[in-house]
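Note: the block below is run-v2.pdb and it holds PDB, C-alpha atoms.
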ATOM      1  CA  MET S   1     115.443  78.183 101.022
ATOM      2  CA  GLY S   2     116.060  78.787  97.350
ATOM      3  CA  LYS S   3     114.263  81.097  94.944
ATOM      4  CA  LYS S   4     110.514  81.423  94.968
ATOM      5  CA  ILE S   5     108.045  83.631  93.091
ATOM      6  CA  LEU S   6     104.732  84.414  94.757
ATOM      7  CA  LYS S   7     102.011  85.878  92.541
ATOM      8  CA  ALA S   8      98.967  87.468  94.129
ATOM      9  CA  SER S   9      96.387  90.134  93.384
ATOM     10  CA  ALA S  10      95.560  93.068  95.655
ATOM     11  CA  GLY S  11      93.869  92.048  98.893
ATOM     12  CA  THR S  12      94.787  88.351  98.687
ATOM     13  CA  GLY S  13      97.068  88.279 101.717
ATOM     14  CA  LYS S  14     100.541  88.980 100.318
ATOM     15  CA  THR S  15     101.868  90.516 103.533
ATOM     16  CA  TYR S  16     100.502  87.574 105.542
ATOM     17  CA  ARG S  17     102.204  85.093 103.209
ATOM     18  CA  LEU S  18     105.481  87.032 103.236
ATOM     19  CA  SER S  19     105.352  87.071 107.036
ATOM     20  CA  ILE S  20     104.861  83.288 107.051
ATOM     21  CA  GLU S  21     107.810  82.863 104.670
ATOM     22  CA  TYR S  22     109.948  85.018 106.966
ATOM     23  CA  ILE S  23     109.018  82.936 110.025
ATOM     24  CA  VAL S  24     109.698  79.675 108.176
ATOM     25  CA  ALA S  25     113.129  80.934 107.122
ATOM     26  CA  LEU S  26     113.919  81.653 110.784
ATOM     27  CA  LEU S  27     112.632  78.233 111.879
ATOM     28  CA  LYS S  28     114.832  76.577 109.252
ATOM     29  CA  GLY S  29     117.926  78.215 110.702
ATOM     30  CA  GLU S  30     118.313  81.392 108.650
ATOM     31  CA  SER S  31     119.505  84.444 110.571
ATOM     32  CA  TYR S  32     117.385  87.588 110.401
ATOM     33  CA  LYS S  33     120.601  89.256 109.174
ATOM     34  CA  ASP S  34     120.452  87.162 105.980
ATOM     35  CA  ILE S  35     116.778  87.709 105.146
ATOM     36  CA  LEU S  36     115.812  90.595 102.870
ATOM     37  CA  VAL S  37     112.183  91.574 102.286
ATOM     38  CA  MET S  38     111.130  94.328  99.881
ATOM     39  CA  THR S  39     107.635  95.714  99.414
ATOM     40  CA  PHE S  40     106.042  98.619  97.557
ATOM     41  CA  THR S  41     104.587 100.527 100.514
ATOM     42  CA  LYS S  42     105.540 101.628 104.020
ATOM     43  CA  LYS S  43     102.234 100.219 105.217
ATOM     44  CA  ALA S  44     103.185  96.748 103.970
ATOM     45  CA  THR S  45     106.606  96.889 105.645
ATOM     46  CA  SER S  46     104.999  97.892 108.944
ATOM     47  CA  GLU S  47     102.440  95.084 108.641
ATOM     48  CA  ILE S  48     105.121  92.467 107.961
ATOM     49  CA  ILE S  49     107.225  93.563 110.938
ATOM     50  CA  GLU S  50     104.143  93.555 113.192
ATOM     51  CA  ARG S  51     103.149  90.090 111.996
ATOM     52  CA  VAL S  52     106.652  88.654 112.413
ATOM     53  CA  VAL S  53     106.698  89.918 116.016
ATOM     54  CA  LYS S  54     103.174  88.614 116.645
ATOM     55  CA  PHE S  55     103.865  85.197 115.075
ATOM     56  CA  LEU S  56     107.070  84.683 117.049
ATOM     57  CA  LYS S  57     105.260  85.587 120.265
ATOM     58  CA  LEU S  58     102.488  83.098 119.465
ATOM     59  CA  LEU S  59     104.922  80.289 118.644
ATOM     60  CA  SER S  60     107.151  80.857 121.675
ATOM     61  CA  SER S  61     104.427  81.101 124.328
ATOM     62  CA  ASP S  62     102.106  78.724 126.166
ATOM     63  CA  PHE S  63      98.709  80.354 126.402
ATOM     64  CA  SER S  64      95.891  79.704 128.821
ATOM     65  CA  ASP S  65      93.568  82.033 126.934
ATOM     66  CA  GLU S  66      91.431  80.074 124.465
ATOM     67  CA  ASP S  67      91.522  82.737 121.726
ATOM     68  CA  GLU S  68      95.319  82.913 121.843
ATOM     69  CA  LYS S  69      95.516  79.113 121.752
ATOM     70  CA  LYS S  70      93.339  79.089 118.639
ATOM     71  CA  ASP S  71      95.502  81.782 117.012
ATOM     72  CA  LYS S  72      98.620  79.716 117.701
ATOM     73  CA  GLU S  73      97.049  76.517 116.359
ATOM     74  CA  SER S  74      95.831  78.349 113.249
ATOM     75  CA  LEU S  75      99.315  79.767 112.612
ATOM     76  CA  ILE S  76     100.986  76.366 113.000
ATOM     77  CA  LYS S  77      98.402  74.843 110.656
ATOM     78  CA  SER S  78      99.072  77.556 108.031
ATOM     79  CA  ILE S  79     102.823  76.927 108.228
ATOM     80  CA  LEU S  80     102.512  73.132 108.029
ATOM     81  CA  GLN S  81     100.218  73.352 105.001
ATOM     82  CA  LEU S  82     103.026  75.117 103.152
ATOM     83  CA  TYR S  83     106.006  73.434 104.813
ATOM     84  CA  PRO S  84     105.044  70.092 106.416
ATOM     85  CA  GLU S  85     108.708  69.406 107.251
ATOM     86  CA  VAL S  86     109.035  72.364 109.635
ATOM     87  CA  LYS S  87     109.790  71.492 113.277
ATOM     88  CA  PHE S  88     108.576  73.640 116.168
ATOM     89  CA  ASP S  89     111.317  73.585 118.790
ATOM     90  CA  VAL S  90     109.932  75.870 121.515
ATOM     91  CA  GLU S  91     113.309  76.628 123.107
ATOM     92  CA  LYS S  92     114.811  77.481 119.731
ATOM     93  CA  ILE S  93     111.820  79.683 118.884
ATOM     94  CA  LYS S  94     112.141  81.508 122.214
ATOM     95  CA  LYS S  95     115.765  82.344 121.402
ATOM     96  CA  ILE S  96     114.785  83.541 117.919
ATOM     97  CA  ASN S  97     111.994  85.631 119.443
ATOM     98  CA  GLU S  98     114.375  87.288 121.917
ATOM     99  CA  GLU S  99     116.975  87.978 119.234
ATOM    100  CA  VAL S 100     114.530  89.433 116.706
ATOM    101  CA  ASN S 101     112.753  91.611 119.282
ATOM    102  CA  SER S 102     116.068  93.001 120.509
ATOM    103  CA  GLN S 103     117.113  93.889 116.946
ATOM    104  CA  LEU S 104     113.880  95.139 115.361
ATOM    105  CA  ASP S 105     115.594  98.205 113.905
ATOM    106  CA  ASP S 106     118.050  95.929 112.082
ATOM    107  CA  LEU S 107     115.470  93.763 110.304
ATOM    108  CA  LYS S 108     115.988  94.067 106.546
ATOM    109  CA  ILE S 109     112.372  94.753 105.655
ATOM    110  CA  TYR S 110     112.225  97.724 103.293
ATOM    111  CA  THR S 111     110.165  99.436 100.667
ATOM    112  CA  ILE S 112     111.882  99.253  97.274
ATOM    113  CA  ASP S 113     112.526 103.011  97.450
ATOM    114  CA  SER S 114     114.118 102.850 100.901
ATOM    115  CA  PHE S 115     116.312  99.901  99.854
ATOM    116  CA  ILE S 116     117.580 101.776  96.795
ATOM    117  CA  GLY S 117     118.130 104.824  98.999
ATOM    118  CA  LYS S 118     120.175 102.706 101.397
ATOM    119  CA  ILE S 119     122.390 101.498  98.531
ATOM    120  CA  PHE S 120     122.793 105.073  97.279
ATOM    121  CA  ARG S 121     123.779 106.369 100.722
ATOM    122  CA  GLY S 122     126.086 103.464 101.504
ATOM    123  CA  VAL S 123     127.765 102.846  98.134
ATOM    124  CA  ILE S 124     127.058 105.278  95.289
ATOM    125  CA  ALA S 125     127.229 108.610  97.134
ATOM    126  CA  PRO S 126     130.555 107.845  98.899
ATOM    127  CA  HIS S 127     132.048 106.423  95.669
ATOM    128  CA  LEU S 128     131.179 109.568  93.690
ATOM    129  CA  GLY S 129     131.956 111.929  96.547
ATOM    130  CA  ILE S 130     128.382 113.224  96.712
ATOM    131  CA  GLU S 131     127.855 114.781 100.133
ATOM    132  CA  ASN S 132     124.759 116.954  99.746
ATOM    133  CA  TYR S 133     121.656 115.303  98.347
ATOM    134  CA  THR S 134     118.000 114.680  99.147
ATOM    135  CA  ILE S 135     116.065 111.476  98.547
ATOM    136  CA  ILE S 136     112.395 112.189  97.851
ATOM    137  CA  ASP S 137     109.335 109.962  97.957
ATOM    138  CA  GLN S 138     106.710 109.583  95.223
ATOM    139  CA  ASP S 139     104.411 112.321  96.557
ATOM    140  CA  GLU S 140     107.285 114.803  96.716
ATOM    141  CA  GLU S 141     108.358 113.809  93.204
ATOM    142  CA  GLU S 142     104.885 114.533  91.798
ATOM    143  CA  LYS S 143     104.966 117.954  93.452
ATOM    144  CA  ILE S 144     108.424 118.721  92.025
ATOM    145  CA  ASN S 145     107.343 117.572  88.543
ATOM    146  CA  PHE S 146     104.395 119.952  88.681
ATOM    147  CA  GLU S 147     106.643 122.818  89.804
ATOM    148  CA  ILE S 148     109.062 122.126  86.928
ATOM    149  CA  LEU S 149     106.171 122.209  84.453
ATOM    150  CA  GLU S 150     105.067 125.540  85.895
ATOM    151  CA  ILE S 151     108.569 126.968  85.413
ATOM    152  CA  ILE S 152     108.683 125.748  81.795
ATOM    153  CA  PHE S 153     105.232 127.085  80.917
ATOM    154  CA  LYS S 154     105.886 130.492  82.492
ATOM    155  CA  ASP S 155     109.135 131.033  80.563
ATOM    156  CA  LYS S 156     108.501 131.474  76.835
ATOM    157  CA  LYS S 157     112.068 130.557  75.848
ATOM    158  CA  LYS S 158     112.080 127.373  77.954
ATOM    159  CA  PHE S 159     108.617 126.446  76.680
ATOM    160  CA  ASN S 160     109.657 126.794  73.014
ATOM    161  CA  ILE S 161     112.783 124.664  73.565
ATOM    162  CA  PHE S 162     110.733 122.002  75.343
ATOM    163  CA  LYS S 163     108.015 122.054  72.650
ATOM    164  CA  GLU S 164     110.594 121.783  69.866
ATOM    165  CA  PHE S 165     112.218 118.809  71.584
ATOM    166  CA  LEU S 166     108.905 116.983  71.981
ATOM    167  CA  ASP S 167     107.769 117.738  68.421
ATOM    168  CA  SER S 168     111.000 116.406  66.950
ATOM    169  CA  ASN S 169     111.244 113.268  69.078
ATOM    170  CA  PHE S 170     107.706 112.036  69.717
ATOM    171  CA  GLU S 171     104.406 111.553  67.917
ATOM    172  CA  LYS S 172     101.917 114.343  68.536
ATOM    173  CA  ASN S 173      99.995 112.528  71.193
ATOM    174  CA  VAL S 174      99.260 113.864  74.680
ATOM    175  CA  ASP S 175      99.941 110.498  76.329
ATOM    176  CA  ASN S 176     103.308 110.233  74.578
ATOM    177  CA  TYR S 177     104.217 113.753  75.685
ATOM    178  CA  ALA S 178     103.268 112.997  79.288
ATOM    179  CA  ALA S 179     105.238 109.739  79.278
ATOM    180  CA  ALA S 180     108.260 111.467  77.741
ATOM    181  CA  PHE S 181     108.180 114.244  80.316
ATOM    182  CA  LYS S 182     108.006 111.798  83.223
ATOM    183  CA  SER S 183     110.818 109.728  81.703
ATOM    184  CA  ILE S 184     113.079 112.782  81.329
ATOM    185  CA  LEU S 185     112.495 113.805  84.938
ATOM    186  CA  ALA S 186     112.906 110.254  86.230
ATOM    187  CA  GLU S 187     116.302 109.983  84.516
ATOM    188  CA  ARG S 188     117.536 113.470  85.455
ATOM    189  CA  TRP S 189     119.635 112.054  88.308
ATOM    190  CA  LYS S 190     121.989 110.514  85.699
ATOM    191  CA  TYR S 191     122.743 113.954  84.303
ATOM    192  CA  LEU S 192     123.377 115.296  87.805
ATOM    193  CA  VAL S 193     125.699 112.398  88.666
ATOM    194  CA  LEU S 194     127.657 112.820  85.415
ATOM    195  CA  LYS S 195     127.877 116.565  85.984
ATOM    196  CA  GLU S 196     129.086 116.036  89.554
ATOM    197  CA  SER S 197     131.683 113.498  88.367
ATOM    198  CA  ALA S 198     132.935 115.890  85.657
ATOM    199  CA  LEU S 199     133.317 118.696  88.189
ATOM    200  CA  SER S 200     135.230 116.373  90.524
ATOM    201  CA  LEU S 201     137.622 115.410  87.693
ATOM    202  CA  GLU S 202     138.205 119.072  86.810
ATOM    203  CA  LYS S 203     139.287 119.741  90.388
TER     204      LYS S 203
END
Is it possible to express this structure as structure tokens?
Amino acid sequence: MGKKILKASAGTGKTYRLSIEYIVALLKGESYKDILVMTFTKKATSEIIERVVKFLKLLSSDFSDEDEKKDKESLIKSILQLYPEVKFDVEKIKKINEEVNSQLDDLKIYTIDSFIGKIFRGVIAPHLGIENYTIIDQDEEEKINFEILEIIFKDKKKFNIFKEFLDSNFEKNVDNYAAAFKSILAERWKYLVLKESALSLEK
């Protein structure tokens, strides 16, 4: 289908549009195995999966219920407004519907964090021989950052080292300090990976 950039503000129907794009890709012959969708939140991923399932059911069924008929007609209209060349082959759609519903766990619809985690587990960790690790979400990270700050502030020696580092590297501005602290913690994994690699080489 080529590259496409969709720009939209909050609440303007991004998950609906992404779901439509996913359905169109399937109708144009793409396999679900070759479609990758990434979003910011788990809620958005769940909504997209739910909509894909719902849309395929609508397109593959003949309804007697008037409300369901209207939903199907509205969906087809939305698709044709964006992609007037799309063909609706009912038998083909039924096969797609069966295949997708039987492989829901294999749909590549992720949050950005979960996608990066998948790459880390499948490629980086095995390559570096990292066996024991934990992938945390944003809420857990905020909690850990707070705990690290507590440790630094409670230890006079650690606090003085940290203060000296900030004073010598950043302007005396609270926002700059906060940004620097978050940046250091966000990049700490690089130090851990390098340390782990060095230990592996020593062995």
Quiz item: So which one's closest to Lys77 (chain S), S:Leu149, S:Val123, S:Ala44, S:Ile20? Using all atoms listed in the file, please.
Solution: S:Ile20
Exercise. Can you turn the PyMOL selection byres ((chain S and resi 48) around 8) into a concrete residue list for this file, as a count of residues only?
Key: 13
Quiz item: Quick one, how far is CA of Val90 (chain S) from CA of Tyr110 (chain S)?
Solution: 28.5 Å
Self-check item: Distance in Å - CA of Lys57 (chain S) versus CA of Lys92 (chain S)
Solution: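 Interatomic distance, CA of Lys57 (chain S) to CA of Lys92 (chain S): 12.5 Å.
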Practice problem: In Å, rounded to a single decimal, give me how far CA of Gly122 (chain S) is from CA of Met38 (chain S). | Solution: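 So the answer is 17.6 Å.
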Quiz item: Looking at only C-alpha atoms, which of S:Glu147, S:Lys108, S:Phe115, S:Arg121 is the one that sits closest to Thr134 (chain S)?
Solution: S:Arg121
Practice problem: Using all atoms listed in the file, pick whichever of S:Tyr133, S:Asn101, S:Lys43, S:Lys87 has the shortest atom-to-atom distance to Phe120 (chain S). | Solution: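 Ranked by minimum distance to Phe120 (chain S), first place goes to S:Tyr133.
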Exercise. Excluding Ile79 (chain S) and any residue of its chain fewer than 5 positions from it, enumerate the residues within 9 Å of it, using all atoms listed in the file, and give them as a PyMOL selection string.
Key: chain S and resi 20-21+23-24+74+84+86
Okay, now the selection with C-alpha atoms, as a CSV table (one decimal), keeping the file's coordinate frame?
chain,number,residue,atom,x,y,z
S,20,ILE,CA,104.9,83.3,107.1
S,21,GLU,CA,107.8,82.9,104.7
S,23,ILE,CA,109.0,82.9,110.0
S,24,VAL,CA,109.7,79.7,108.2
S,74,SER,CA,95.8,78.3,113.2
S,84,PRO,CA,105.0,70.1,106.4
S,86,VAL,CA,109.0,72.4,109.6
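The residue that comes closest to Lys94 (chain S), out of S:Phe165, S:Phe146, S:Phe55, S:Phe153 and on the basis of only C-alpha atoms, is S:Phe55.
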Self-check item: Non-local contacts of Ser31 (chain S) (9 Å; only C-alpha atoms; under 5 positions in same chain excluded) as a list in words
Solution: Ala25, Leu26 and Ile96 of chain S
Exercise. Can you turn the PyMOL selection byres ((chain S and resi 111) around 6) into a concrete residue list for this file, as a PyMOL selection string?
Key: chain S and resi 38-41+110+112-114
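Each of S:Ser78, S:Asn97, S:Gln103, S:Ser168 was compared to Lys54 (chain S) using all atoms listed in the file, and S:Asn97 turns out to be the nearest.
The smallest atom-to-atom distance between Leu27 (chain S) and any of S:Lys163, S:His127, S:Lys14, S:Lys95, using all atoms listed in the file, is found for S:Lys95.
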Got a moment to write region 45-83 of chain S out with N, CA and C atoms, as a PDB file, in the first residue's frame?
ATOM      1  N   THR S  45      -4.584  -0.211  21.339  1.00  0.00           N
ATOM      2  CA  THR S  45      -4.365  -1.509  20.689  1.00  0.00           C
ATOM      3  C   THR S  45      -5.596  -2.383  20.831  1.00  0.00           C
ATOM      4  N   SER S  46      -6.184  -2.387  22.024  1.00  0.00           N
ATOM      5  CA  SER S  46      -7.395  -3.191  22.258  1.00  0.00           C
ATOM      6  C   SER S  46      -8.541  -2.718  21.371  1.00  0.00           C
ATOM      7  N   GLU S  47      -8.683  -1.396  21.246  1.00  0.00           N
ATOM      8  CA  GLU S  47      -9.755  -0.832  20.419  1.00  0.00           C
ATOM      9  C   GLU S  47      -9.581  -1.208  18.953  1.00  0.00           C
ATOM     10  N   ILE S  48      -8.347  -1.164  18.465  1.00  0.00           N
ATOM     11  CA  ILE S  48      -8.096  -1.499  17.057  1.00  0.00           C
ATOM     12  C   ILE S  48      -8.414  -2.966  16.791  1.00  0.00           C
ATOM     13  N   ILE S  49      -7.965  -3.844  17.675  1.00  0.00           N
ATOM     14  CA  ILE S  49      -8.254  -5.276  17.505  1.00  0.00           C
ATOM     15  C   ILE S  49      -9.762  -5.518  17.516  1.00  0.00           C
ATOM     16  N   GLU S  50     -10.458  -4.901  18.468  1.00  0.00           N
ATOM     17  CA  GLU S  50     -11.917  -5.055  18.561  1.00  0.00           C
ATOM     18  C   GLU S  50     -12.606  -4.565  17.289  1.00  0.00           C
ATOM     19  N   ARG S  51     -12.135  -3.433  16.773  1.00  0.00           N
ATOM     20  CA  ARG S  51     -12.757  -2.873  15.568  1.00  0.00           C
ATOM     21  C   ARG S  51     -12.473  -3.730  14.337  1.00  0.00           C
ATOM     22  N   VAL S  52     -11.256  -4.238  14.226  1.00  0.00           N
ATOM     23  CA  VAL S  52     -10.919  -5.107  13.092  1.00  0.00           C
ATOM     24  C   VAL S  52     -11.837  -6.327  13.090  1.00  0.00           C
ATOM     25  N   VAL S  53     -12.016  -6.935  14.256  1.00  0.00           N
ATOM     26  CA  VAL S  53     -12.903  -8.103  14.382  1.00  0.00           C
ATOM     27  C   VAL S  53     -14.339  -7.715  14.028  1.00  0.00           C
ATOM     28  N   LYS S  54     -14.791  -6.589  14.562  1.00  0.00           N
ATOM     29  CA  LYS S  54     -16.161  -6.130  14.305  1.00  0.00           C
ATOM     30  C   LYS S  54     -16.374  -5.816  12.827  1.00  0.00           C
ATOM     31  N   PHE S  55     -15.415  -5.111  12.208  1.00  0.00           N
ATOM     32  CA  PHE S  55     -15.546  -4.728  10.803  1.00  0.00           C
ATOM     33  C   PHE S  55     -15.567  -5.948   9.885  1.00  0.00           C
ATOM     34  N   LEU S  56     -14.715  -6.914  10.165  1.00  0.00           N
ATOM     35  CA  LEU S  56     -14.692  -8.130   9.342  1.00  0.00           C
ATOM     36  C   LEU S  56     -16.003  -8.897   9.465  1.00  0.00           C
ATOM     37  N   LYS S  57     -16.548  -8.932  10.671  1.00  0.00           N
ATOM     38  CA  LYS S  57     -17.838  -9.605  10.880  1.00  0.00           C
ATOM     39  C   LYS S  57     -18.934  -8.900  10.086  1.00  0.00           C
ATOM     40  N   LEU S  58     -18.937  -7.564  10.134  1.00  0.00           N
ATOM     41  CA  LEU S  58     -19.942  -6.795   9.395  1.00  0.00           C
ATOM     42  C   LEU S  58     -19.845  -7.056   7.894  1.00  0.00           C
ATOM     43  N   LEU S  59     -18.617  -7.033   7.376  1.00  0.00           N
ATOM     44  CA  LEU S  59     -18.417  -7.164   5.928  1.00  0.00           C
ATOM     45  C   LEU S  59     -18.647  -8.581   5.411  1.00  0.00           C
ATOM     46  N   SER S  60     -18.541  -9.567   6.292  1.00  0.00           N
ATOM     47  CA  SER S  60     -18.660 -10.960   5.838  1.00  0.00           C
ATOM     48  C   SER S  60     -20.040 -11.560   6.092  1.00  0.00           C
ATOM     49  N   SER S  61     -20.949 -10.770   6.656  1.00  0.00           N
ATOM     50  CA  SER S  61     -22.263 -11.313   7.029  1.00  0.00           C
ATOM     51  C   SER S  61     -23.397 -10.622   6.284  1.00  0.00           C
ATOM     52  N   ASP S  62     -24.499 -11.365   6.126  1.00  0.00           N
ATOM     53  CA  ASP S  62     -25.737 -10.805   5.586  1.00  0.00           C
ATOM     54  C   ASP S  62     -26.709 -10.651   6.749  1.00  0.00           C
ATOM     55  N   PHE S  63     -27.058  -9.425   7.048  1.00  0.00           N
ATOM     56  CA  PHE S  63     -27.876  -9.167   8.231  1.00  0.00           C
ATOM     57  C   PHE S  63     -29.335  -8.922   7.866  1.00  0.00           C
ATOM     58  N   SER S  64     -30.205  -9.418   8.739  1.00  0.00           N
ATOM     59  CA  SER S  64     -31.628  -9.115   8.601  1.00  0.00           C
ATOM     60  C   SER S  64     -31.997  -7.944   9.511  1.00  0.00           C
ATOM     61  N   ASP S  65     -31.200  -7.769  10.560  1.00  0.00           N
ATOM     62  CA  ASP S  65     -31.434  -6.674  11.495  1.00  0.00           C
ATOM     63  C   ASP S  65     -31.101  -5.333  10.829  1.00  0.00           C
ATOM     64  N   GLU S  66     -32.018  -4.386  10.933  1.00  0.00           N
ATOM     65  CA  GLU S  66     -31.857  -3.098  10.257  1.00  0.00           C
ATOM     66  C   GLU S  66     -30.654  -2.299  10.775  1.00  0.00           C
ATOM     67  N   ASP S  67     -30.434  -2.329  12.086  1.00  0.00           N
ATOM     68  CA  ASP S  67     -29.304  -1.584  12.662  1.00  0.00           C
ATOM     69  C   ASP S  67     -27.969  -2.129  12.159  1.00  0.00           C
ATOM     70  N   GLU S  68     -27.877  -3.457  12.089  1.00  0.00           N
ATOM     71  CA  GLU S  68     -26.636  -4.079  11.607  1.00  0.00           C
ATOM     72  C   GLU S  68     -26.428  -3.792  10.124  1.00  0.00           C
ATOM     73  N   LYS S  69     -27.521  -3.768   9.369  1.00  0.00           N
ATOM     74  CA  LYS S  69     -27.438  -3.416   7.946  1.00  0.00           C
ATOM     75  C   LYS S  69     -26.896  -1.996   7.776  1.00  0.00           C
ATOM     76  N   LYS S  70     -27.411  -1.090   8.600  1.00  0.00           N
ATOM     77  CA  LYS S  70     -26.961   0.307   8.531  1.00  0.00           C
ATOM     78  C   LYS S  70     -25.484   0.429   8.903  1.00  0.00           C
ATOM     79  N   ASP S  71     -25.064  -0.336   9.917  1.00  0.00           N
ATOM     80  CA  ASP S  71     -23.652  -0.321  10.330  1.00  0.00           C
ATOM     81  C   ASP S  71     -22.756  -0.801   9.197  1.00  0.00           C
ATOM     82  N   LYS S  72     -23.209  -1.853   8.506  1.00  0.00           N
ATOM     83  CA  LYS S  72     -22.430  -2.402   7.390  1.00  0.00           C
ATOM     84  C   LYS S  72     -22.347  -1.394   6.246  1.00  0.00           C
ATOM     85  N   GLU S  73     -23.480  -0.790   5.910  1.00  0.00           N
ATOM     86  CA  GLU S  73     -23.515   0.200   4.831  1.00  0.00           C
ATOM     87  C   GLU S  73     -22.639   1.411   5.162  1.00  0.00           C
ATOM     88  N   SER S  74     -22.677   1.828   6.422  1.00  0.00           N
ATOM     89  CA  SER S  74     -21.869   2.971   6.861  1.00  0.00           C
ATOM     90  C   SER S  74     -20.377   2.656   6.764  1.00  0.00           C
ATOM     91  N   LEU S  75     -20.007   1.430   7.136  1.00  0.00           N
ATOM     92  CA  LEU S  75     -18.604   1.007   7.058  1.00  0.00           C
ATOM     93  C   LEU S  75     -18.125   0.974   5.610  1.00  0.00           C
ATOM     94  N   ILE S  76     -18.929   0.385   4.739  1.00  0.00           N
ATOM     95  CA  ILE S  76     -18.566   0.311   3.314  1.00  0.00           C
ATOM     96  C   ILE S  76     -18.425   1.717   2.727  1.00  0.00           C
ATOM     97  N   LYS S  77     -19.332   2.602   3.113  1.00  0.00           N
ATOM     98  CA  LYS S  77     -19.274   3.990   2.636  1.00  0.00           C
ATOM     99  C   LYS S  77     -17.984   4.666   3.096  1.00  0.00           C
ATOM    100  N   SER S  78     -17.604   4.448   4.363  1.00  0.00           N
ATOM    101  CA  SER S  78     -16.371   5.046   4.906  1.00  0.00           C
ATOM    102  C   SER S  78     -15.145   4.552   4.148  1.00  0.00           C
ATOM    103  N   ILE S  79     -15.136   3.255   3.832  1.00  0.00           N
ATOM    104  CA  ILE S  79     -14.000   2.670   3.106  1.00  0.00           C
ATOM    105  C   ILE S  79     -13.922   3.222   1.687  1.00  0.00           C
ATOM    106  N   LEU S  80     -15.074   3.281   1.005  1.00  0.00           N
ATOM    107  CA  LEU S  80     -15.091   3.732  -0.390  1.00  0.00           C
ATOM    108  C   LEU S  80     -14.758   5.218  -0.528  1.00  0.00           C
ATOM    109  N   GLN S  81     -15.056   5.994   0.500  1.00  0.00           N
ATOM    110  CA  GLN S  81     -14.687   7.418   0.466  1.00  0.00           C
ATOM    111  C   GLN S  81     -13.172   7.589   0.443  1.00  0.00           C
ATOM    112  N   LEU S  82     -12.486   6.678   1.121  1.00  0.00           N
ATOM    113  CA  LEU S  82     -11.021   6.729   1.173  1.00  0.00           C
ATOM    114  C   LEU S  82     -10.380   5.955   0.033  1.00  0.00           C
ATOM    115  N   TYR S  83     -10.995   4.826  -0.311  1.00  0.00           N
ATOM    116  CA  TYR S  83     -10.431   3.927  -1.330  1.00  0.00           C
ATOM    117  C   TYR S  83     -11.543   3.456  -2.268  1.00  0.00           C
TER     118      TYR S  83
END
